[in-house]
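Data file: protein-v2.cif. Format and content: mmCIF, C-alpha atoms and all ligand atoms.
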data_input
#
loop_
_atom_site.label_atom_id
_atom_site.label_comp_id
_atom_site.auth_asym_id
_atom_site.auth_seq_id
_atom_site.Cartn_x
_atom_site.Cartn_y
_atom_site.Cartn_z
CA MET U 210 38.25 38.46 -32.30
CA THR U 211 41.63 36.72 -31.99
CA ILE U 212 44.65 38.66 -33.15
CA LYS U 213 46.56 37.04 -35.98
CA LYS U 214 50.15 37.20 -34.75
CA GLY U 215 53.28 37.79 -36.79
CA PHE U 216 56.66 36.09 -36.49
CA THR U 217 58.12 38.09 -33.59
CA THR U 218 54.87 38.45 -31.61
CA THR U 219 54.34 34.69 -31.79
CA THR U 220 57.86 34.02 -30.54
CA LEU U 221 57.61 36.55 -27.70
CA HIS U 222 54.35 35.12 -26.33
CA SER U 223 55.06 31.47 -26.95
CA ASP U 224 56.28 30.51 -23.44
CA ARG U 225 53.63 32.51 -21.60
CA LEU U 226 50.80 30.87 -23.51
CA LEU U 227 51.99 27.44 -22.34
CA LYS U 228 51.05 28.75 -18.83
CA PRO U 229 54.20 28.26 -16.72
CA GLU U 230 53.64 28.60 -12.97
CA HIS U 231 52.91 32.03 -11.39
CA GLY U 232 52.29 33.54 -14.83
CA ALA U 233 56.03 33.54 -15.59
CA LEU U 234 56.83 35.08 -18.97
CA HIS U 235 59.63 32.58 -19.54
CA GLN U 236 59.44 28.85 -19.12
CA PRO U 237 61.61 28.27 -15.99
CA ILE U 238 64.89 26.36 -16.19
CA HIS U 239 64.02 22.87 -14.97
CA THR U 240 67.21 21.23 -13.80
CA ALA U 241 65.57 18.00 -12.60
CA VAL U 242 66.97 14.90 -14.27
CA THR U 243 64.00 12.76 -13.31
CA TRP U 244 60.34 13.11 -12.28
CA GLY U 245 58.44 11.34 -9.56
CA PHE U 246 54.89 9.94 -9.76
CA ASP U 247 52.47 9.43 -6.85
CA ASP U 248 50.89 6.52 -8.71
CA VAL U 249 53.14 4.11 -10.59
CA ASN U 250 50.52 3.91 -13.36
CA GLY U 251 51.51 7.46 -14.33
CA LEU U 252 55.14 6.42 -14.79
CA VAL U 253 54.15 3.34 -16.79
CA ASP U 254 51.83 5.36 -19.04
CA VAL U 255 54.62 7.78 -19.91
CA PHE U 256 56.91 4.87 -20.79
CA GLN U 257 54.24 3.23 -22.93
CA ASN U 258 53.42 6.45 -24.84
CA LYS U 259 49.89 6.42 -23.34
CA ALA U 260 50.29 9.76 -21.58
CA LYS U 261 52.34 12.89 -22.10
CA GLY U 262 54.80 13.56 -19.34
CA TYR U 263 58.42 13.48 -18.32
CA ALA U 264 60.32 10.49 -17.04
CA TYR U 265 64.01 11.19 -17.62
CA SER U 266 65.54 14.42 -18.90
CA ARG U 267 67.65 12.84 -21.65
CA GLN U 268 64.53 12.46 -23.80
CA GLY U 269 62.37 15.33 -22.56
CA ASN U 270 62.47 18.36 -20.25
CA PRO U 271 59.86 21.15 -19.83
CA THR U 272 62.36 23.95 -20.58
CA VAL U 273 63.47 22.17 -23.72
CA THR U 274 59.85 21.37 -24.67
CA ALA U 275 59.02 25.09 -24.55
CA LEU U 276 61.87 25.82 -26.98
CA GLU U 277 60.77 22.95 -29.24
CA HIS U 278 57.30 24.44 -29.30
CA LYS U 279 58.76 27.83 -30.22
CA VAL U 280 60.84 26.42 -33.08
CA SER U 281 57.79 24.55 -34.40
CA GLN U 282 55.89 27.84 -34.50
CA MET U 283 58.76 29.62 -36.26
CA GLU U 284 58.97 26.88 -38.88
CA ASN U 285 55.21 26.31 -39.22
CA GLY U 286 55.91 22.70 -38.40
CA HIS U 287 53.91 20.32 -36.27
CA ALA U 288 56.65 18.95 -33.99
CA THR U 289 60.28 19.71 -33.15
CA ILE U 290 62.99 17.85 -31.27
CA ALA U 291 65.87 19.85 -29.82
CA PHE U 292 69.44 18.54 -29.52
CA SER U 293 72.69 19.56 -27.88
CA THR U 294 74.07 20.87 -31.21
CA GLY U 295 73.12 21.13 -34.85
CA MET U 296 75.46 18.23 -35.60
CA ALA U 297 73.68 16.05 -33.02
CA ALA U 298 70.35 16.84 -34.73
CA ILE U 299 71.71 15.87 -38.17
CA THR U 300 73.39 12.68 -36.95
CA ALA U 301 70.34 11.57 -34.96
CA THR U 302 67.92 12.22 -37.82
CA ILE U 303 69.86 10.05 -40.25
CA GLN U 304 70.61 7.31 -37.70
CA ALA U 305 66.98 7.11 -36.63
CA LEU U 306 65.45 6.90 -40.11
CA ILE U 307 67.99 5.24 -42.43
CA LYS U 308 69.06 1.60 -42.52
CA SER U 309 71.93 -0.17 -44.21
CA GLY U 310 71.03 -0.68 -47.89
CA ASP U 311 69.22 2.68 -48.07
CA HIS U 312 70.55 5.48 -50.24
CA ILE U 313 70.80 9.21 -49.44
CA ILE U 314 71.40 12.01 -51.93
CA ALA U 315 73.16 14.99 -50.35
CA SER U 316 74.33 18.33 -51.65
CA SER U 317 78.04 18.44 -52.40
CA PHE U 318 78.15 21.95 -50.87
CA LEU U 319 77.44 20.93 -47.29
CA PHE U 320 78.64 22.44 -44.03
CA GLY U 321 82.06 20.80 -43.49
CA ASN U 322 81.13 18.72 -40.44
CA SER U 323 77.89 17.53 -42.07
CA ARG U 324 79.95 16.34 -45.01
CA SER U 325 82.38 14.69 -42.63
CA ILE U 326 79.75 12.80 -40.57
CA MET U 327 78.22 11.54 -43.83
CA GLN U 328 81.65 10.29 -44.86
CA THR U 329 81.80 8.43 -41.52
CA MET U 330 78.37 6.94 -42.26
CA ILE U 331 79.63 5.82 -45.68
CA ASP U 332 82.50 4.10 -43.87
CA MET U 333 79.86 2.38 -41.68
CA GLY U 334 78.07 1.05 -44.78
CA LEU U 335 75.50 3.68 -45.77
CA ASP U 336 75.18 4.61 -49.43
CA ILE U 337 75.39 8.41 -49.85
CA SER U 338 75.86 10.32 -53.12
CA PHE U 339 76.98 13.95 -53.19
CA VAL U 340 75.71 16.05 -56.09
CA ASP U 341 75.56 19.72 -57.08
CA ALA U 342 72.15 20.62 -55.63
CA THR U 343 71.86 23.95 -57.45
CA ASP U 344 70.16 21.97 -60.25
CA VAL U 345 67.41 19.42 -59.53
CA ARG U 346 68.53 17.35 -62.54
CA ASN U 347 71.63 16.31 -60.59
CA ILE U 348 69.38 15.06 -57.78
CA SER U 349 67.04 13.15 -60.09
CA GLY U 350 70.04 11.72 -61.95
CA ALA U 351 71.41 10.27 -58.72
CA ALA U 352 68.14 8.64 -57.57
CA LYS U 353 67.98 4.84 -57.22
CA PRO U 354 65.28 2.37 -56.13
CA SER U 355 66.94 2.39 -52.68
CA THR U 356 66.88 6.20 -52.28
CA LYS U 357 65.11 7.23 -49.08
CA MET U 358 66.28 10.76 -48.32
CA VAL U 359 67.52 13.97 -49.97
CA PHE U 360 69.58 16.33 -47.77
CA VAL U 361 70.33 19.93 -48.77
CA GLU U 362 71.15 23.30 -47.22
CA THR U 363 69.52 26.58 -48.23
CA ILE U 364 72.57 28.81 -48.74
CA ALA U 365 75.88 26.92 -48.77
CA ASN U 366 78.84 27.98 -46.71
CA PRO U 367 81.32 29.47 -47.66
CA ALA U 368 80.60 30.07 -51.37
CA THR U 369 76.84 30.81 -50.94
CA GLN U 370 75.47 28.45 -53.62
CA ILE U 371 71.68 28.13 -53.34
CA ALA U 372 70.01 24.75 -53.71
CA ASP U 373 67.24 24.34 -56.27
CA LEU U 374 64.91 24.18 -53.27
CA LYS U 375 61.49 24.31 -54.90
CA ALA U 376 62.21 21.89 -57.75
CA ILE U 377 63.87 19.44 -55.35
CA GLY U 378 60.76 19.62 -53.13
CA ASP U 379 58.52 18.69 -56.06
CA PHE U 380 60.87 15.90 -57.05
CA CYS U 381 60.95 14.46 -53.51
CA GLU U 382 57.18 14.66 -53.21
CA GLY U 383 56.73 12.79 -56.49
CA ASN U 384 59.09 10.03 -55.37
CA ASN U 385 58.16 9.82 -51.69
CA PHE U 386 61.69 10.75 -50.58
CA ILE U 387 62.20 12.33 -47.16
CA TYR U 388 63.28 15.89 -48.01
CA VAL U 389 65.59 17.30 -45.32
CA VAL U 390 66.43 21.00 -45.53
CA ASP U 391 69.12 22.45 -43.25
CA ASN U 392 67.74 25.98 -42.76
CA THR U 393 70.58 27.21 -40.53
CA MET U 394 71.97 29.82 -42.94
CA THR U 395 68.60 31.41 -43.62
CA SER U 396 66.78 30.64 -40.35
CA PRO U 397 62.97 30.49 -40.28
CA TYR U 398 62.82 34.28 -40.50
CA LEU U 399 64.36 34.46 -43.98
CA PHE U 400 63.00 31.21 -45.39
CA SER U 401 60.22 28.77 -44.61
CA PRO U 402 61.19 25.32 -45.99
CA VAL U 403 57.61 24.08 -45.57
CA THR U 404 56.75 26.27 -48.60
CA VAL U 405 59.03 24.09 -50.77
CA LYS U 406 57.55 20.89 -49.31
CA ALA U 407 60.40 19.98 -46.94
CA SER U 408 59.64 16.93 -44.79
CA LEU U 409 62.14 17.72 -42.03
CA ILE U 410 63.88 21.02 -41.24
CA ILE U 411 67.23 21.14 -39.45
CA ASN U 412 68.40 24.24 -37.57
CA SER U 413 71.63 24.81 -35.74
CA LEU U 414 70.16 26.84 -32.87
CA THR U 415 73.72 27.91 -32.09
CA LYS U 416 73.68 30.27 -35.06
CA TYR U 417 70.99 32.86 -35.87
CA ILE U 418 68.17 31.54 -33.66
CA GLY U 419 70.23 31.69 -30.43
CA GLY U 420 72.23 34.44 -32.03
CA HIS U 421 74.64 35.57 -29.32
CA GLY U 422 77.42 33.01 -29.45
CA ASN U 423 76.65 31.86 -25.89
CA ALA U 424 74.84 28.53 -26.27
CA LEU U 425 75.04 25.45 -28.50
CA GLY U 426 71.89 23.75 -29.75
CA GLY U 427 70.21 22.11 -32.71
CA SER U 428 66.76 20.99 -33.82
CA VAL U 429 64.80 18.96 -36.29
CA THR U 430 61.23 19.98 -37.15
CA ASP U 431 58.67 17.75 -38.84
CA THR U 432 56.57 19.84 -41.23
CA GLY U 433 53.80 17.23 -41.28
CA LEU U 434 54.06 16.85 -45.07
CA TYR U 435 55.72 13.43 -45.17
CA ASP U 436 53.47 10.37 -44.96
CA TRP U 437 55.16 8.21 -42.33
CA ALA U 438 52.39 5.63 -42.58
CA ASN U 439 54.09 4.33 -45.74
CA TYR U 440 57.69 4.66 -44.60
CA ALA U 441 59.30 1.21 -44.43
CA ASN U 442 61.72 1.97 -41.57
CA ILE U 443 59.22 2.91 -38.85
CA ALA U 444 59.58 0.44 -35.96
CA PRO U 445 56.56 -1.88 -35.56
CA VAL U 446 56.06 -0.86 -31.91
CA LEU U 447 55.74 2.83 -32.90
CA ARG U 448 53.50 1.90 -35.82
CA GLN U 449 51.06 0.36 -33.31
CA GLN U 450 51.21 2.97 -30.56
CA ILE U 451 51.61 6.34 -32.27
CA PRO U 452 49.45 8.15 -34.85
CA ALA U 453 51.06 8.15 -38.33
CA LYS U 454 51.71 11.89 -38.25
CA MET U 455 53.93 11.55 -35.16
CA GLN U 456 55.79 8.38 -36.13
CA GLY U 457 58.75 10.12 -37.77
CA VAL U 458 59.50 12.46 -34.85
CA SER U 459 58.80 9.75 -32.30
CA GLN U 460 61.36 7.51 -33.93
CA ILE U 461 63.89 10.38 -34.02
CA ARG U 462 63.18 11.14 -30.36
CA LYS U 463 63.63 7.53 -29.30
CA ARG U 464 66.42 6.26 -31.53
CA GLY U 465 68.12 9.58 -32.21
CA LEU U 466 67.78 11.54 -28.95
CA ARG U 467 67.08 8.98 -26.20
CA ASP U 468 69.52 6.38 -27.53
CA GLY U 469 72.00 8.76 -29.15
CA GLY U 470 72.06 11.01 -26.08
CA GLY U 471 72.71 14.40 -27.73
CA THR U 472 70.42 16.16 -25.25
CA LEU U 473 70.09 19.94 -25.07
CA SER U 474 70.64 21.24 -21.52
CA PRO U 475 67.82 23.29 -19.96
CA GLU U 476 70.25 26.18 -19.36
CA ALA U 477 71.21 26.30 -23.04
CA ALA U 478 67.55 25.96 -24.04
CA HIS U 479 66.76 29.02 -21.93
CA SER U 480 69.60 31.10 -23.47
CA ILE U 481 68.56 30.11 -26.98
CA SER U 482 64.94 30.84 -26.22
CA VAL U 483 65.72 34.36 -24.97
CA GLY U 484 68.04 34.94 -27.94
CA SER U 485 65.34 33.84 -30.38
CA GLU U 486 63.05 36.68 -29.28
CA THR U 487 65.10 39.15 -31.36
CA LEU U 488 65.80 36.88 -34.35
CA ALA U 489 63.87 39.05 -36.80
CA LEU U 490 65.37 42.33 -35.53
CA ARG U 491 68.92 41.00 -35.56
CA LEU U 492 68.59 39.49 -39.01
CA GLU U 493 67.10 42.64 -40.52
CA ARG U 494 70.13 44.57 -39.30
CA ALA U 495 72.68 41.87 -40.19
CA CYS U 496 71.26 41.37 -43.70
CA SER U 497 71.19 45.10 -44.37
CA ASN U 498 74.79 45.43 -43.11
CA ALA U 499 75.82 42.45 -45.26
CA LEU U 500 74.31 43.89 -48.44
CA THR U 501 76.02 47.24 -47.88
CA LEU U 502 79.37 45.56 -47.17
CA ALA U 503 79.03 43.20 -50.16
CA LYS U 504 78.45 46.14 -52.50
CA PHE U 505 81.36 48.06 -50.97
CA LEU U 506 83.72 45.09 -51.31
CA GLU U 507 82.58 44.24 -54.84
CA SER U 508 83.43 47.75 -56.02
CA HIS U 509 86.84 47.82 -54.25
CA SER U 510 89.92 47.51 -56.46
CA LEU U 511 91.73 45.12 -54.07
CA ILE U 512 88.88 42.60 -53.95
CA ASP U 513 88.87 39.90 -56.58
CA LYS U 514 85.43 38.36 -56.06
CA VAL U 515 82.50 38.59 -53.64
CA TYR U 516 80.14 35.68 -53.00
CA TYR U 517 76.82 37.01 -51.71
CA PRO U 518 73.29 36.12 -52.94
CA GLY U 519 72.22 39.78 -52.68
CA LEU U 520 74.58 40.84 -55.48
CA GLU U 521 73.32 40.79 -59.05
CA SER U 522 76.57 39.05 -59.99
CA HIS U 523 75.55 36.00 -57.89
CA PRO U 524 74.52 33.08 -60.13
CA GLN U 525 71.33 32.41 -58.13
CA HIS U 526 70.46 36.02 -57.29
CA GLU U 527 66.98 35.75 -58.81
CA LEU U 528 66.22 32.49 -57.05
CA ALA U 529 67.35 34.04 -53.74
CA SER U 530 65.09 37.06 -54.34
CA GLU U 531 62.16 34.78 -55.00
CA LEU U 532 62.66 32.44 -52.04
CA PHE U 533 64.21 34.45 -49.20
CA ARG U 534 63.02 37.49 -47.26
CA TYR U 535 66.58 38.91 -47.31
CA TYR U 536 69.88 37.57 -48.60
CA GLY U 537 71.42 36.47 -45.32
CA GLY U 538 74.27 37.58 -43.09
CA LEU U 539 77.01 35.42 -44.55
CA MET U 540 79.31 36.25 -47.45
CA SER U 541 82.75 35.34 -48.67
CA PHE U 542 85.28 37.27 -50.69
CA ALA U 543 88.66 36.69 -52.28
CA LEU U 544 91.42 39.25 -52.20
CA LYS U 545 93.51 40.27 -55.22
CA PRO U 546 96.83 38.37 -55.26
CA GLU U 547 98.84 41.48 -54.32
CA ILE U 548 97.48 41.58 -50.76
CA ASP U 549 98.26 39.02 -48.13
CA CYS U 550 95.16 37.46 -46.61
CA PHE U 551 96.60 37.14 -43.07
CA SER U 552 97.97 40.68 -42.84
CA PHE U 553 94.65 42.04 -44.11
CA LEU U 554 92.78 40.08 -41.42
CA ASN U 555 95.19 41.25 -38.73
CA LYS U 556 94.59 44.87 -39.72
CA LEU U 557 90.87 44.59 -39.00
CA GLN U 558 90.13 46.22 -35.64
CA LEU U 559 86.41 45.57 -35.03
CA VAL U 560 85.89 42.44 -37.06
CA ILE U 561 86.83 39.42 -34.94
CA LYS U 562 88.93 36.55 -36.28
CA SER U 563 86.67 33.69 -35.28
CA SER U 564 84.99 30.60 -36.69
CA ASN U 565 81.37 30.92 -35.57
CA LEU U 566 78.59 32.45 -37.64
CA GLY U 567 75.22 34.00 -36.86
CA ASP U 568 76.65 35.96 -33.92
CA THR U 569 75.66 39.56 -33.19
CA ARG U 570 79.34 40.49 -33.82
CA THR U 571 81.00 40.42 -37.24
CA LEU U 572 83.36 37.46 -37.54
CA ALA U 573 85.93 36.68 -40.24
CA ILE U 574 87.88 33.51 -40.99
CA PRO U 575 90.35 32.52 -43.73
CA VAL U 576 88.60 29.50 -45.25
CA ALA U 577 91.42 27.52 -46.92
CA HIS U 578 93.60 27.57 -43.82
CA THR U 579 90.90 26.56 -41.31
CA ILE U 580 87.51 24.98 -42.08
CA PHE U 581 88.71 23.53 -45.41
CA PHE U 582 92.32 22.88 -44.40
CA GLU U 583 91.83 19.13 -43.93
CA LEU U 584 90.56 18.74 -47.51
CA GLY U 585 93.95 19.57 -48.99
CA ALA U 586 94.86 21.89 -51.87
CA GLU U 587 93.55 19.63 -54.62
CA ARG U 588 90.00 19.25 -53.25
CA ARG U 589 89.91 22.99 -52.50
CA ALA U 590 90.82 23.74 -56.09
CA GLU U 591 88.04 21.38 -57.28
CA MET U 592 85.60 23.20 -55.02
CA ALA U 593 86.82 26.57 -56.35
CA ILE U 594 88.01 27.77 -52.94
CA PRO U 595 90.93 30.17 -53.44
CA ASP U 596 93.64 30.45 -50.77
CA SER U 597 92.73 34.09 -50.15
CA MET U 598 89.02 33.39 -49.53
CA ILE U 599 87.67 35.03 -46.37
CA ARG U 600 84.29 34.14 -44.91
CA LEU U 601 82.46 36.90 -43.16
CA SER U 602 79.53 36.44 -40.80
CA VAL U 603 78.11 39.94 -40.61
CA GLY U 604 76.81 41.13 -37.26
CA ILE U 605 74.58 43.96 -36.09
CA GLU U 606 77.23 46.65 -35.49
CA ASP U 607 76.69 50.18 -36.81
CA ILE U 608 77.33 49.93 -40.53
CA GLU U 609 79.52 53.05 -40.63
CA ASP U 610 81.89 51.41 -38.14
CA LEU U 611 82.15 48.24 -40.21
CA LEU U 612 82.77 50.25 -43.39
CA GLN U 613 85.46 52.29 -41.62
CA ASP U 614 87.15 49.09 -40.45
CA PHE U 615 87.23 47.58 -43.96
CA ARG U 616 88.34 50.89 -45.50
CA GLN U 617 91.30 51.22 -43.13
CA ALA U 618 92.31 47.55 -43.45
CA LEU U 619 92.31 47.81 -47.26
CA ALA U 620 94.06 51.20 -47.33
C1 LIG S 1 76.94 25.31 -37.74
C2 LIG S 1 76.13 24.50 -38.68
C3 LIG S 1 75.73 23.21 -38.35
C4 LIG S 1 76.15 22.54 -37.06
O1 LIG S 1 75.63 23.21 -35.97
P1 LIG S 1 76.35 23.14 -34.50
O2 LIG S 1 75.31 23.70 -33.61
O3 LIG S 1 77.60 23.94 -34.58
O4 LIG S 1 76.62 21.70 -34.26
C5 LIG S 1 74.97 22.51 -39.26
N1 LIG S 1 74.62 23.04 -40.44
C6 LIG S 1 74.99 24.27 -40.81
C7 LIG S 1 74.55 24.81 -42.12
C8 LIG S 1 75.77 25.06 -39.94
O5 LIG S 1 76.13 26.28 -40.30
#

Represent the structure from my file as structure tokens, please.
Amino acid sequence: MTIKKGFTTTTLHSDRLLKPEHGALHQPIHTAVTWGFDDVNGLVDVFQNKAKGYAYSRQGNPTVTALEHKVSQMENGHATIAFSTGMAAITATIQALIKSGDHIIASSFLFGNSRSIMQTMIDMGLDISFVDATDVRNISGAAKPSTKMVFVETIANPATQIADLKAIGDFCEGNNFIYVVDNTMTSPYLFSPVTVKASLIINSLTKYIGGHGNALGGSVTDTGLYDWANYANIAPVLRQQIPAKMQGVSQIRKRGLRDGGGTLSPEAAHSISVGSETLALRLERACSNALTLAKFLESHSLIDKVYYPGLESHPQHELASELFRYYGGLMSFALKPEIDCFSFLNKLQLVIKSSNLGDTRTLAIPVAHTIFFELGAERRAEMAIPDSMIRLSVGIEDIEDLLQDFRQALA
């Protein structure tokens, strides 16, 4: 009888089952840039997609392949491509699959740099509409004959809006749109985008999957649900050489990774891979800490508003309960006008003033003055981002210590 493995067991045994040399439990760090072949036919076959193998490390490396395999298992996908960062994965995916004249519908509550790269793509001639993705009717209302792709995040940062993930999946399926879900904020442990019919899943491996703030990485996973055989933008040479199921990822690997060059280093792949072993444990602790802190802050007289999907006051609390295993490690809150946001932050002793998220340590950042500074006061007001908004990425510290820190800083 074979044992049916759960999320963490699968991740822990993933490298070993690929049989690295000497029975190593981790895939070794392969630093080679290139590979040699005794027979030139082997080299030619790799180039012509006739054989699996490695030719040049920009487009494939055994250490990175092992991580790609692991992410595919986490996401229940059929193939993954890793990148140097989450942003590289997003940029490469769009560049590889979208042509001038095509239209993309994206959530208006995107991670700031995702929004910014899409603005750059608009400047280069792509047609991209930004709509409030918490209601599928805004997506369907923006669709055109030229629409090819819909791009959303699960939980938005910093105000934690939740996309209408299921309904958007049905809508994309009905219209043959490529449905891209950025799962970074939830990670595959809290949410499985394949269950809402995502075509491609983006993860910033830098955040929860790597989890320790010590390596950058990103990935795109093909769930196998999109029918690439009927996608107009697949290059004729791939159409001939590669089975339909692999045409989407192959095109992303060639045009996005090989040509774009956002390659994940084997050292970073190894760090992320080791970090990913404790994803479930870390998130259970972080999400439990976050819920406790959110409730504490919501009931505090000096806090104006808390944005956290685990609170009943959150507009999509029920949707979050239905879709996600827990409510995530990220929240935001706004202080009452009588306390100064900077002096409050400076009073915190354990919580670190820092811009990352998904770290094991709790990190806080004043949103209006940093990640949304470039937008200007007017756009921030439109997006309902108050000047005193603080984003908190909750870590795995002992909850009593975090509570003590917030109590003393608010005293
Ligand atoms: C951080 C983040 C990214 C970008 O990831 P990097 O690895 O920092 O490039 C993309 N999407 C979301 C939702 C993120 O939080």

What does the list of residues within 6 Å of ligand LIG 1 (chain S) look like if you count all atoms listed in the file, written as a PDB file with C-alpha atoms, keeping the file's coordinate frame?
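Output contents, as saved in selection.pdb:
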ATOM      1  CA  THR U 294      74.070  20.870 -31.210  1.00  0.00           C
ATOM      2  CA  GLY U 295      73.120  21.130 -34.850  1.00  0.00           C
ATOM      3  CA  MET U 296      75.460  18.230 -35.600  1.00  0.00           C
ATOM      4  CA  PHE U 320      78.640  22.440 -44.030  1.00  0.00           C
ATOM      5  CA  THR U 393      70.580  27.210 -40.530  1.00  0.00           C
ATOM      6  CA  MET U 394      71.970  29.820 -42.940  1.00  0.00           C
ATOM      7  CA  SER U 413      71.630  24.810 -35.740  1.00  0.00           C
ATOM      8  CA  THR U 415      73.720  27.910 -32.090  1.00  0.00           C
ATOM      9  CA  LEU U 425      75.040  25.450 -28.500  1.00  0.00           C
ATOM     10  CA  GLY U 426      71.890  23.750 -29.750  1.00  0.00           C
ATOM     11  CA  GLY U 427      70.210  22.110 -32.710  1.00  0.00           C
TER      12      GLY U 427
END

Please list as a compact mmCIF listing (two decimals) with C-alpha atoms, in the frame of the given file every residue within 6 Å of Arg494 in chain U, counting all atoms listed in the file and excluding residues in the same chain fewer than 3 positions away.
# COMPACT_ATOMS: atom_id res chain seq x y z
CA ARG U 491 68.92 41.00 -35.56
CA SER U 497 71.19 45.10 -44.37
CA ILE U 605 74.58 43.96 -36.09

Within 12 Å of range 213-230 of chain U: each range 360-421 of chain U residue with its shortest pair, only C-alpha atoms, as a Markdown table:
| residue | atom | partner | partner_atom | distance |
| --- | --- | --- | --- | --- |
| U:Pro397 | CA | U:Phe216 | CA | 9.2 |
| U:Tyr398 | CA | U:Phe216 | CA | 7.6 |
| U:Leu399 | CA | U:Phe216 | CA | 10.9 |
| U:Phe400 | CA | U:Phe216 | CA | 12.0 |
| U:Ser401 | CA | U:Phe216 | CA | 11.5 |
| U:Ile418 | CA | U:Thr220 | CA | 11.1 |

Distance query range 556-564 of chain U at most 10 Å, all atoms listed in the file, self and fewer than 2 positions along chain excluded, as a VMD selection string: chain U and resid 551 to 554 566 570 to 576 579 to 580 600 to 604 606 610 to 611 613 to 620

Calculate how many Å separate CA of Leu434 in chain U from CA of Ser408 in chain U, rounding to one decimal.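 CA of Ser408 in chain U lies 5.6 Å from CA of Leu434 in chain U.
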
List the spatial neighbours of Ser325 in chain U as a VMD selection string - criterion: any atom at most 12 Å away, all atoms listed in the file, same-chain residues fewer than 4 positions off excluded. chain U and resid 296 299 to 300 317 to 321 329 to 332 337 339 580 to 581 583 to 584

Could you tell me which of U:Phe256, U:Tyr388, U:Trp244, U:Tyr265 comes closest to Ile314 in chain U if we count all atoms listed in the file? U:Tyr388

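Taking CA of Asp379 in chain U and CA of Ala298 in chain U as the two end points, the separation is 24.5 Å.
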
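Of the residues listed (U:Glu591, U:Asp248, U:Asp596, U:Glu521), U:Asp596 shows the shortest atom-to-atom separation from His578 in chain U; distances use only C-alpha atoms.
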